[in-house]
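These notes concern the structure reproduced below.
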Amino acid sequence: MTGLIMLTGANFLLTLSATVLVVFFAPTAAGPGIPEIKAYLNGVDTPNMYGAPTLFVKIIGSIGAVSAGLDLGKEGPLVHIGACIASLLGQGGTEKHRVKWRWYRYMNNDRDLRDLITCGASSGVCAAFRAPVGGVLFALEEVATWWRSALLWRTFFSTAVVVVVLRAFTDYCSSGTCGIFANGGLIMFDVSNVTVHYHLADIISVSLIGLIGGVLGSLYNYVLHKVLRLYSLINEKGKLAKILLSLAVSVFTSVSLYSLPFLVSCTKCDPSLPNSGCSTTGRIGNFKRFNCPKGYYNDLASLLFSTNIDAVRNIFSTNTPGEFHPISLLIYFIHYSILGIFTFGIAVPSGLFLPIILIGSAYGRMVGIIMGSYSTIDHGLYAVLGAASLMAGSMRMTVSLCVIFLELTNNLLLLPITMLVLLIAKSVGDCFNPSIYEIILELKGLPFLDANPEPWMRNITVGELAEVKPPLVSLRGVEKVAHIVDVLKNTTHNGFPIIDDGAMIPTSQGTKARELHGLILRTHLVAALKKKWFLEQPRRTEEWEVREKFTWVELTERDLNFEQVAISKHEMEMYVDLHPFTNKTPYTVVEDMSVAKAMVLFRQVALRHMLIVPKYHGSGIYPITGILTRQDLRAHNIQNVFPHLARSKGREKQI
């Protein structure tokens, strides 16, 4: 009882510290952060995700949560930490304390910031798994939406720097100055000491692991989706509810960790081991004595009371067929499956990689034990394949996972069967539900645009979408200040079409019509009001007038706040010439274009606004039909407006 109280109390305090930091200082630090990075690189604004408070809480909170014995990993938070560091370096610091170097202004644009965050995410994966090439491929396959050749070598350079730094610290700590931190190296789970032999009959068992991984991965995603929906309802009740939920999971984890080893019997130590007394009671060592007599060890306690990294090393261990009993592995598999589902989603920094690896390696080793003499593959290699299959079945990654596991295990001979397992697991998982990150994106309400539109999007036009939207808000080329202020106060739009009345049609004599001059951004309107770019009479200004008043750096600022602009009553009656601030060549589509084509164009060109123009033009026809944004092109939002499309989709599936 004393041991149980000590363990539960220590884990309780560590979980409390991590949760309090997240709840009160940086709520965006909860979770892995990878879905938010994916959304940001897809074009979605995610406020407060990359600031200094988030970085600080992510680091300290991850230490507390992992130390508390919760079933979560530090790998996902490390990806977020890398993105935060990259964002802060790219902007010269925080908003309040920022370096004022002139060359920083050249990186103050969305494209360079996206590239930096992509490099930060790949560096985080490299630091977590010691996998430089895997980090580059992870950024390419999973997080980045727009990729180009320049970004490839930039991410590769970033991961190369990470590996060099890791190697330097490893050499420094090898002398023993770092204590227990001197253990390990660039290869985390080395299984290169075993020769991989497999025959045609082994392909059946390998394919079975891939099939099981796909089914279990999709089932894991399904149950986790339900639990996260429940947690979102609990978290809506306030900060105290978030803290109590985390503490309840911590107590359950500690009690179960302490109680389950009593269910299994003790195992006699192998006399051939260099250390005859294999069981230990300290914080290091592969075998834990727990409640066993001297010369024996508890195999389940050896897994539960080791760090997650050591537990993976134990399950991946090769040439040890009798080290872990099947019943212990089954209990471990069920226990960590339950903990993984109920731990993810609480208000602490958490990752999914390591819990899924632990679950998958447990059932992979069980398959190896069941196959017995029918297979020539080592039990530890079956554990590696099981971990890879469950990750592919849940996260739906293939190429990057394959390279990461090769760099983790340092055994290139595993490449063919690892590729087979990953492809089978991903294909099976795709038959049931989306990847876990796509599910989290949907739960968070982040408008992520997929690469491929739904088939039924070909049956609806952008003009039909514009008809069901609220009335269009437009401005004239020379607009009154009062009207601009009213529009900014009463709308949250970020773009407004500029319409010129009475424009001459070149092909006809004396005929006038409304002209679509272009699109103006909200930030440019605020910049014009902030600089007092006012005219006593409505007129078009000259280019030199604008250049004297504004610099291009001022027009690229993104953090302009309309609430801080003070305008007098007299200034309300004045005018602003909006022509110099207008994008005269915005992307436009004809109202007859299908939504499927519009979505592909919107995503590939990385647009924020897409203007819809009428098919016919004339003096009595308004020059613009509507504006499409990211939210308008999401399949879920379209189906809410057009329910018959959802029904037709269901009929297509039945056919």
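Labels used: A, B, ... for chains in the order of the structure tokens, numbers from 1 for residues in each chain, and numbers from 1 for ligands as shown.
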
(request) Identify all residues of range 549-598 of chain A in strand (DSSP E or B) (DSSP on the backbone) and supply them as number ranges by chain. (result) A: 575-577, 583, 588-590, 594

(request) From a DSSP calculation on the backbone, collect every residue of range 378-543 of chain A in alpha helix (DSSP H) and output the set as a VMD selection string. (result) chain A and resid 379 to 395 399 to 409 415 to 430 436 to 444 462 to 467 481 to 490 522 to 530 543

(message) If I take CA of Ser207 in chain A and CA of Val421 in chain A, how far is one from the other in Å, to one decimal?
(response)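 Computing it gives 6.2 Å between the two atoms.
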
(request) Could you tell me how far CA of Lys532 in chain A lies from CA of Gly477 in chain A, in Å and to one decimal? (result)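 Separating CA of Lys532 in chain A from CA of Gly477 in chain A is a distance of 16.8 Å.
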
(request) For range 487-500 of chain A, work out the shell of residues within 9 Å, counting only C-alpha atoms and skipping chain neighbours fewer than 6 positions away, then give it as a PyMOL selection string. (result) chain A and resi 472-478+513-523+525-526+562-563+578-579+582+608-609+611+623-624+627

For the residues in the current selection, export N, CA and C atoms as a PDB file, in the first residue's frame.
ATOM      1  N   LEU A 472     -23.690  39.753 -50.731  1.00  0.00           N
ATOM      2  CA  LEU A 472     -22.305  40.159 -50.941  1.00  0.00           C
ATOM      3  C   LEU A 472     -22.076  41.575 -50.421  1.00  0.00           C
ATOM      4  N   VAL A 473     -20.954  41.787 -49.743  1.00  0.00           N
ATOM      5  CA  VAL A 473     -20.570  43.104 -49.230  1.00  0.00           C
ATOM      6  C   VAL A 473     -19.451  43.636 -50.115  1.00  0.00           C
ATOM      7  N   SER A 474     -19.714  44.720 -50.826  1.00  0.00           N
ATOM      8  CA  SER A 474     -18.720  45.300 -51.733  1.00  0.00           C
ATOM      9  C   SER A 474     -18.505  46.769 -51.392  1.00  0.00           C
ATOM     10  N   LEU A 475     -17.433  47.334 -51.929  1.00  0.00           N
ATOM     11  CA  LEU A 475     -17.092  48.740 -51.722  1.00  0.00           C
ATOM     12  C   LEU A 475     -16.854  49.396 -53.077  1.00  0.00           C
ATOM     13  N   ARG A 476     -17.035  50.707 -53.116  1.00  0.00           N
ATOM     14  CA  ARG A 476     -16.732  51.463 -54.330  1.00  0.00           C
ATOM     15  C   ARG A 476     -15.246  51.843 -54.355  1.00  0.00           C
ATOM     16  N   GLY A 477     -14.772  52.197 -55.541  1.00  0.00           N
ATOM     17  CA  GLY A 477     -13.367  52.543 -55.684  1.00  0.00           C
ATOM     18  C   GLY A 477     -12.966  53.738 -54.848  1.00  0.00           C
ATOM     19  N   VAL A 478     -13.836  54.745 -54.793  1.00  0.00           N
ATOM     20  CA  VAL A 478     -13.642  55.898 -53.910  1.00  0.00           C
ATOM     21  C   VAL A 478     -14.796  55.864 -52.924  1.00  0.00           C
ATOM     22  N   ALA A 513     -20.968  51.014 -67.584  1.00  0.00           N
ATOM     23  CA  ALA A 513     -21.402  49.852 -66.804  1.00  0.00           C
ATOM     24  C   ALA A 513     -20.564  49.766 -65.541  1.00  0.00           C
ATOM     25  N   ARG A 514     -21.012  48.926 -64.621  1.00  0.00           N
ATOM     26  CA  ARG A 514     -20.226  48.685 -63.415  1.00  0.00           C
ATOM     27  C   ARG A 514     -19.035  47.790 -63.758  1.00  0.00           C
ATOM     28  N   GLU A 515     -17.900  48.091 -63.154  1.00  0.00           N
ATOM     29  CA  GLU A 515     -16.670  47.348 -63.420  1.00  0.00           C
ATOM     30  C   GLU A 515     -16.137  46.747 -62.124  1.00  0.00           C
ATOM     31  N   LEU A 516     -15.720  45.481 -62.192  1.00  0.00           N
ATOM     32  CA  LEU A 516     -15.039  44.837 -61.077  1.00  0.00           C
ATOM     33  C   LEU A 516     -13.570  45.255 -61.137  1.00  0.00           C
ATOM     34  N   HIS A 517     -13.200  46.180 -60.258  1.00  0.00           N
ATOM     35  CA  HIS A 517     -11.828  46.687 -60.292  1.00  0.00           C
ATOM     36  C   HIS A 517     -10.853  45.704 -59.644  1.00  0.00           C
ATOM     37  N   GLY A 518     -11.300  44.968 -58.636  1.00  0.00           N
ATOM     38  CA  GLY A 518     -10.413  44.011 -57.988  1.00  0.00           C
ATOM     39  C   GLY A 518     -10.882  43.663 -56.589  1.00  0.00           C
ATOM     40  N   LEU A 519      -9.945  43.239 -55.744  1.00  0.00           N
ATOM     41  CA  LEU A 519     -10.245  42.801 -54.378  1.00  0.00           C
ATOM     42  C   LEU A 519      -9.304  43.514 -53.417  1.00  0.00           C
ATOM     43  N   ILE A 520      -9.845  43.993 -52.304  1.00  0.00           N
ATOM     44  CA  ILE A 520      -9.038  44.648 -51.278  1.00  0.00           C
ATOM     45  C   ILE A 520      -9.144  43.850 -49.983  1.00  0.00           C
ATOM     46  N   LEU A 521      -8.026  43.729 -49.276  1.00  0.00           N
ATOM     47  CA  LEU A 521      -7.985  42.982 -48.026  1.00  0.00           C
ATOM     48  C   LEU A 521      -8.377  43.865 -46.848  1.00  0.00           C
ATOM     49  N   ARG A 522      -8.842  43.232 -45.812  1.00  0.00           N
ATOM     50  CA  ARG A 522      -9.237  43.949 -44.601  1.00  0.00           C
ATOM     51  C   ARG A 522      -8.058  44.701 -43.989  1.00  0.00           C
ATOM     52  N   THR A 523      -6.869  44.070 -43.995  1.00  0.00           N
ATOM     53  CA  THR A 523      -5.698  44.717 -43.407  1.00  0.00           C
ATOM     54  C   THR A 523      -5.336  46.002 -44.150  1.00  0.00           C
ATOM     55  N   LEU A 525      -7.500  47.996 -45.678  1.00  0.00           N
ATOM     56  CA  LEU A 525      -8.480  49.001 -45.259  1.00  0.00           C
ATOM     57  C   LEU A 525      -8.089  49.608 -43.915  1.00  0.00           C
ATOM     58  N   VAL A 526      -7.680  48.752 -42.988  1.00  0.00           N
ATOM     59  CA  VAL A 526      -7.272  49.253 -41.675  1.00  0.00           C
ATOM     60  C   VAL A 526      -6.021  50.123 -41.805  1.00  0.00           C
ATOM     61  N   PHE A 562      -8.256  46.978 -36.025  1.00  0.00           N
ATOM     62  CA  PHE A 562      -9.170  48.085 -36.323  1.00  0.00           C
ATOM     63  C   PHE A 562      -9.632  48.798 -35.054  1.00  0.00           C
ATOM     64  N   GLU A 563      -9.703  48.074 -33.943  1.00  0.00           N
ATOM     65  CA  GLU A 563     -10.189  48.671 -32.698  1.00  0.00           C
ATOM     66  C   GLU A 563      -9.265  49.775 -32.195  1.00  0.00           C
ATOM     67  N   LEU A 578      -9.555  53.777 -52.762  1.00  0.00           N
ATOM     68  CA  LEU A 578      -9.131  52.401 -52.518  1.00  0.00           C
ATOM     69  C   LEU A 578      -8.432  51.763 -53.714  1.00  0.00           C
ATOM     70  N   HIS A 579      -8.387  52.448 -54.837  1.00  0.00           N
ATOM     71  CA  HIS A 579      -7.787  51.854 -56.033  1.00  0.00           C
ATOM     72  C   HIS A 579      -6.322  51.457 -55.834  1.00  0.00           C
ATOM     73  N   THR A 582      -5.845  47.948 -54.126  1.00  0.00           N
ATOM     74  CA  THR A 582      -6.652  46.847 -54.648  1.00  0.00           C
ATOM     75  C   THR A 582      -5.818  45.903 -55.498  1.00  0.00           C
ATOM     76  N   ARG A 608      -7.069  32.439 -50.743  1.00  0.00           N
ATOM     77  CA  ARG A 608      -7.891  32.773 -49.587  1.00  0.00           C
ATOM     78  C   ARG A 608      -9.284  33.211 -50.027  1.00  0.00           C
ATOM     79  N   HIS A 609      -9.345  33.835 -51.204  1.00  0.00           N
ATOM     80  CA  HIS A 609     -10.627  34.266 -51.775  1.00  0.00           C
ATOM     81  C   HIS A 609     -10.657  33.906 -53.252  1.00  0.00           C
ATOM     82  N   LEU A 611     -13.226  34.841 -56.517  1.00  0.00           N
ATOM     83  CA  LEU A 611     -14.368  35.641 -56.947  1.00  0.00           C
ATOM     84  C   LEU A 611     -15.144  34.904 -58.037  1.00  0.00           C
ATOM     85  N   PRO A 623     -21.244  43.024 -61.882  1.00  0.00           N
ATOM     86  CA  PRO A 623     -20.016  42.370 -62.372  1.00  0.00           C
ATOM     87  C   PRO A 623     -19.504  41.220 -61.517  1.00  0.00           C
ATOM     88  N   ILE A 624     -20.078  40.985 -60.363  1.00  0.00           N
ATOM     89  CA  ILE A 624     -19.623  39.889 -59.503  1.00  0.00           C
ATOM     90  C   ILE A 624     -20.826  39.202 -58.884  1.00  0.00           C
ATOM     91  N   ILE A 627     -18.300  35.525 -53.580  1.00  0.00           N
ATOM     92  CA  ILE A 627     -16.920  35.211 -53.200  1.00  0.00           C
ATOM     93  C   ILE A 627     -16.921  33.861 -52.496  1.00  0.00           C
TER      94      ILE A 627
END

(message) Could you check the closest approach to Pro132 in chain A for each of A:Thr145, A:Ile439, A:Ala160, A:Ile212 and tell me which residue wins, using only C-alpha atoms?
(response)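 Looking only at the distances to Pro132 in chain A, the closest residue turns out to be A:Ala160.
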
(request) Would you mind listing what lies within 12 Å of Glu571 in chain A as a ChimeraX atom specification, with only C-alpha atoms counted and same-chain residues fewer than 4 positions away left out? (result) /A:480-485,529-530,532-537,566-567,575-576

Could you list, as a PDB file with N, CA and C atoms, in the first residue's frame, every residue within 7 Å of range 109-117 of chain A, counting only C-alpha atoms and ignoring same-chain residues fewer than 2 positions away?
ATOM      1  N   LEU A  41      -0.367  24.775 -42.410  1.00  0.00           N
ATOM      2  CA  LEU A  41       0.315  24.623 -43.688  1.00  0.00           C
ATOM      3  C   LEU A  41      -0.662  24.395 -44.830  1.00  0.00           C
ATOM      4  N   ALA A  83       8.171  23.426 -34.466  1.00  0.00           N
ATOM      5  CA  ALA A  83       7.444  24.436 -35.233  1.00  0.00           C
ATOM      6  C   ALA A  83       7.414  25.775 -34.494  1.00  0.00           C
ATOM      7  N   ALA A  86      10.838  27.437 -34.820  1.00  0.00           N
ATOM      8  CA  ALA A  86      11.010  27.964 -36.175  1.00  0.00           C
ATOM      9  C   ALA A  86      10.208  29.244 -36.369  1.00  0.00           C
ATOM     10  N   SER A  87       8.984  29.280 -35.858  1.00  0.00           N
ATOM     11  CA  SER A  87       8.154  30.478 -36.004  1.00  0.00           C
ATOM     12  C   SER A  87       8.752  31.665 -35.261  1.00  0.00           C
ATOM     13  N   GLY A  90      11.808  32.911 -37.085  1.00  0.00           N
ATOM     14  CA  GLY A  90      11.458  33.588 -38.328  1.00  0.00           C
ATOM     15  C   GLY A  90      10.897  34.974 -38.121  1.00  0.00           C
ATOM     16  N   MET A 107      11.456  38.190 -44.493  1.00  0.00           N
ATOM     17  CA  MET A 107      10.832  36.904 -44.175  1.00  0.00           C
ATOM     18  C   MET A 107       9.437  37.078 -43.598  1.00  0.00           C
ATOM     19  N   CYS A 119      10.096  23.195 -41.804  1.00  0.00           N
ATOM     20  CA  CYS A 119      11.433  22.776 -41.365  1.00  0.00           C
ATOM     21  C   CYS A 119      11.440  22.459 -39.871  1.00  0.00           C
ATOM     22  N   GLY A 120      10.726  23.249 -39.078  1.00  0.00           N
ATOM     23  CA  GLY A 120      10.649  22.981 -37.646  1.00  0.00           C
ATOM     24  C   GLY A 120       9.967  21.666 -37.338  1.00  0.00           C
ATOM     25  N   ALA A 121       8.887  21.354 -38.074  1.00  0.00           N
ATOM     26  CA  ALA A 121       8.180  20.088 -37.851  1.00  0.00           C
ATOM     27  C   ALA A 121       9.059  18.895 -38.213  1.00  0.00           C
ATOM     28  N   LEU A 151      12.105  23.588 -50.778  1.00  0.00           N
ATOM     29  CA  LEU A 151      11.736  23.173 -49.424  1.00  0.00           C
ATOM     30  C   LEU A 151      12.357  21.827 -49.078  1.00  0.00           C
TER      31      LEU A 151
END

(message) Neighbouring residues of Thr15 in chain A were defined as those with any atom within 8 Å, considering only C-alpha atoms; residues of the same chain fewer than 4 positions away were excluded. Please report them as a PyMOL selection string.
(response) chain A and resi 11+19+64-65+68+246-247+250+348

(message) I'd like the interatomic distance between CA of Phe342 in chain A and CA of Leu230 in chain A, to a tenth of an Å.
(response) 10.4 Å
